[in-house]
Amino acid sequence: MPNVREVHVDEVAGAVARLCRQANYHLPEDVTRAVEAAAERETSPVGREILGQIAENAGIAAEEQVPLCQDTGFTVVYLEVGQDVHLVGGDLTEAVNRGVAEGYVGGFLRKSILAHPWEGGNTGDNTPAVIHTEIVPGDRLHIRVLPKGGGSENKSRLAMLRPADGLEGAKRFVVETVAMAGPDACPPLIVGVGIGGTFDKVADLAKRAILRPIGRHHPRPEVAALERELYDEIERLGIGPQGLGGRTTALWVAVEIFPRHIASFPVAVNIQCHSARQAEVVL
Amino acid sequence: MAEYRLTTPLDDAAVRRLRAGDRVLLSGRLYTARDQAHKRLVDLIRAGEPLPLDLSGQVIYYVGPSPARPGLPIGAAGPTTAGRMDPYTPALLERGVKGLIGKGRRSREVREALARHGAVYLAAVGGAGELLARRIKKCSVLLYPDLGPEAIHVLEVEDFPVIVVNDTLGNDLYEEVAAQA
């Protein structure tokens, strides 16, 4: 088999374990910069104070290798598997979950997953992860870990709008969702928006939107313009850091789009708190 | 906006002096409880059973801490969303709880119950879990260890910083902020 590269699943498990710890101890650089920039622009004194505390908290977590937030999340793992990669040594899903368990137990991260939605029982190691796998060209394996906190996830919403509601309806839905989240979802937020596709696709778009680095607008100009417009409207809500007033309600708004069915106009909003953690590696 | 230093259990007169927007530094003992611990306590109350702890004058902190690294008393320990506890809160206020610590808005029923029982809802900064952990000097599991992070822990805190959101007069800091926006 020419041009096929072997990757042992133990290597995947080890990488996932490291990424779980890294993501939970280190606020990504783009988020840190956005918090600092927001503190400079914030007009509310209590807002500035809270943004300062968020930055200080991130400094302590990184220095002491402790989690930024006690809610170390549901572990969402994005895998991009090159089609010329041959995974050997075992089951990929099992390896990812083994990595999550090792990362959370060994890394002093909180185990927040109940085995059954109503019968309960903590799984004890934060497994299972939510795993998204894509096959892509090449011989590399890209792994991204997103520890997604429950408080902000709870404020996320999805609507199957009518085509007649259109873009204006979608904008109203996004701003209304942020207003409803209010102080509950730990603002300042990163607001991920999906428009188009199917019921499942639009939720995936919204979640992938929060993965995009802060400061990088969508490459399509009309989508970038929508991101700017939504950001401005959200700023005008005046919710502010922790809902105590100010202009910094969102650190960033990212929109992803996809073609839609002639009958549907799906829109989804995935709310991410300021503890916007993620980490990635290429094997 | 005033600043106070208070020690738990809270004194009734001190609680009634607090106004939405005031800053408080709390010291003493806090009890942690989240969704499942609330359910267990309120199930006991509804069944007419005695509670396994005396709540009068006490402060409940909505938190599920992350595990402590060796040598530290606790891991990250910031507030969780308070609104999820709304269905259970009035029953606990009836048992004498004087303070609740969390983040985010409370229901009308809870705000009315706070006023009726002379208790306050206080916000801590969400997502600053390590900063808050530094004000926690001791942590031990008191009840329901099977719930893991959701067990009821006893925390000993020093100058734990909170802001009064709902006071005993029915004022709401979030609503005041929204009205100004």
# chains A, B, ... in the order shown; residues from 1 in each chain; ligands from 1
$ interface_residues --of "chain A" --to "chain B" --cutoff "7 Å" --atoms "only C-alpha atoms" --output "VMD selection string"
chain A and resid 53 to 54 57 60 to 61 67 to 70 108 to 110 151 183 to 184 186 237 to 239 242 to 245 275
$ residues_around --residues "range 256-269 of chain A" --least-positions-apart "3" --cutoff "6 Å" --atoms "only C-alpha atoms" --output "NGL selection string"
:A and (156-163 or 192-197 or 202-203 or 205-206 or 209)
$ closest_atom_pairs --of "range 6-28 of chain B" --to "range 46-61 of chain B" --cutoff "8 Å" --atoms "only C-alpha atoms" --output "CSV"
residue,atom,partner,partner_atom,distance
B:Thr8,CA,B:Gln58,CA,6.4
B:Pro9,CA,B:Gly57,CA,4.7
B:Leu10,CA,B:Gly57,CA,5.0
B:Asp11,CA,B:Gly57,CA,6.8
B:Asp12,CA,B:Gly57,CA,7.7
$ residues_around --residues "Ala55 in chain A" --least-positions-apart "6" --cutoff "8 Å" --atoms "only C-alpha atoms" --output "list in words"
Thr32, Val35 and Glu36 of chain A
$ atom_distance --atom1 "CA of Gln22 in chain A" --atom2 "CA of Ala279 in chain A"
6.6 Å
$ decode --residues "range 70-89 of chain B" --atoms "N, CA and C atoms" --output "compact mmCIF listing (two decimals), in the first residue's frame"
# COMPACT_ATOMS: atom_id res chain seq x y z
N PRO B 70 -2.99 17.61 44.97
CA PRO B 70 -2.42 17.34 46.29
C PRO B 70 -1.85 18.62 46.90
N GLY B 71 -2.17 18.85 48.17
CA GLY B 71 -1.65 20.03 48.86
C GLY B 71 -2.57 21.23 48.80
N LEU B 72 -3.57 21.18 47.94
CA LEU B 72 -4.53 22.29 47.87
C LEU B 72 -5.86 21.84 48.47
N PRO B 73 -6.63 22.78 49.07
CA PRO B 73 -7.88 22.37 49.69
C PRO B 73 -8.98 21.99 48.69
N ILE B 74 -8.92 22.57 47.48
CA ILE B 74 -10.03 22.41 46.53
C ILE B 74 -9.51 22.74 45.13
N GLY B 75 -10.21 22.28 44.12
CA GLY B 75 -9.89 22.67 42.75
C GLY B 75 -10.60 23.97 42.41
N ALA B 76 -10.88 24.16 41.12
CA ALA B 76 -11.62 25.36 40.70
C ALA B 76 -13.02 25.30 41.31
N ALA B 77 -13.54 26.45 41.73
CA ALA B 77 -14.79 26.42 42.50
C ALA B 77 -15.62 27.68 42.28
N GLY B 78 -15.96 27.93 41.02
CA GLY B 78 -16.82 29.07 40.69
C GLY B 78 -18.29 28.67 40.71
N PRO B 79 -19.18 29.66 40.64
CA PRO B 79 -20.61 29.40 40.75
C PRO B 79 -21.20 28.75 39.49
N THR B 80 -22.22 27.93 39.69
CA THR B 80 -22.98 27.43 38.55
C THR B 80 -24.27 28.25 38.40
N THR B 81 -25.00 28.04 37.30
CA THR B 81 -26.21 28.82 37.00
C THR B 81 -27.28 28.55 38.06
N ALA B 82 -27.71 29.63 38.72
CA ALA B 82 -28.61 29.50 39.86
C ALA B 82 -30.03 29.11 39.47
N GLY B 83 -30.45 29.53 38.29
CA GLY B 83 -31.84 29.32 37.87
C GLY B 83 -32.27 27.85 37.90
N ARG B 84 -31.30 26.94 37.74
CA ARG B 84 -31.66 25.52 37.75
C ARG B 84 -32.14 25.08 39.13
N MET B 85 -31.77 25.82 40.16
CA MET B 85 -32.18 25.45 41.52
C MET B 85 -33.52 26.11 41.90
N ASP B 86 -34.06 26.95 41.03
CA ASP B 86 -35.29 27.69 41.36
C ASP B 86 -36.44 26.80 41.86
N PRO B 87 -36.69 25.64 41.23
CA PRO B 87 -37.84 24.84 41.69
C PRO B 87 -37.71 24.39 43.15
N TYR B 88 -36.48 24.30 43.66
CA TYR B 88 -36.26 23.77 45.01
C TYR B 88 -36.05 24.86 46.06
N THR B 89 -35.70 26.07 45.61
CA THR B 89 -35.21 27.09 46.54
C THR B 89 -36.23 27.54 47.59
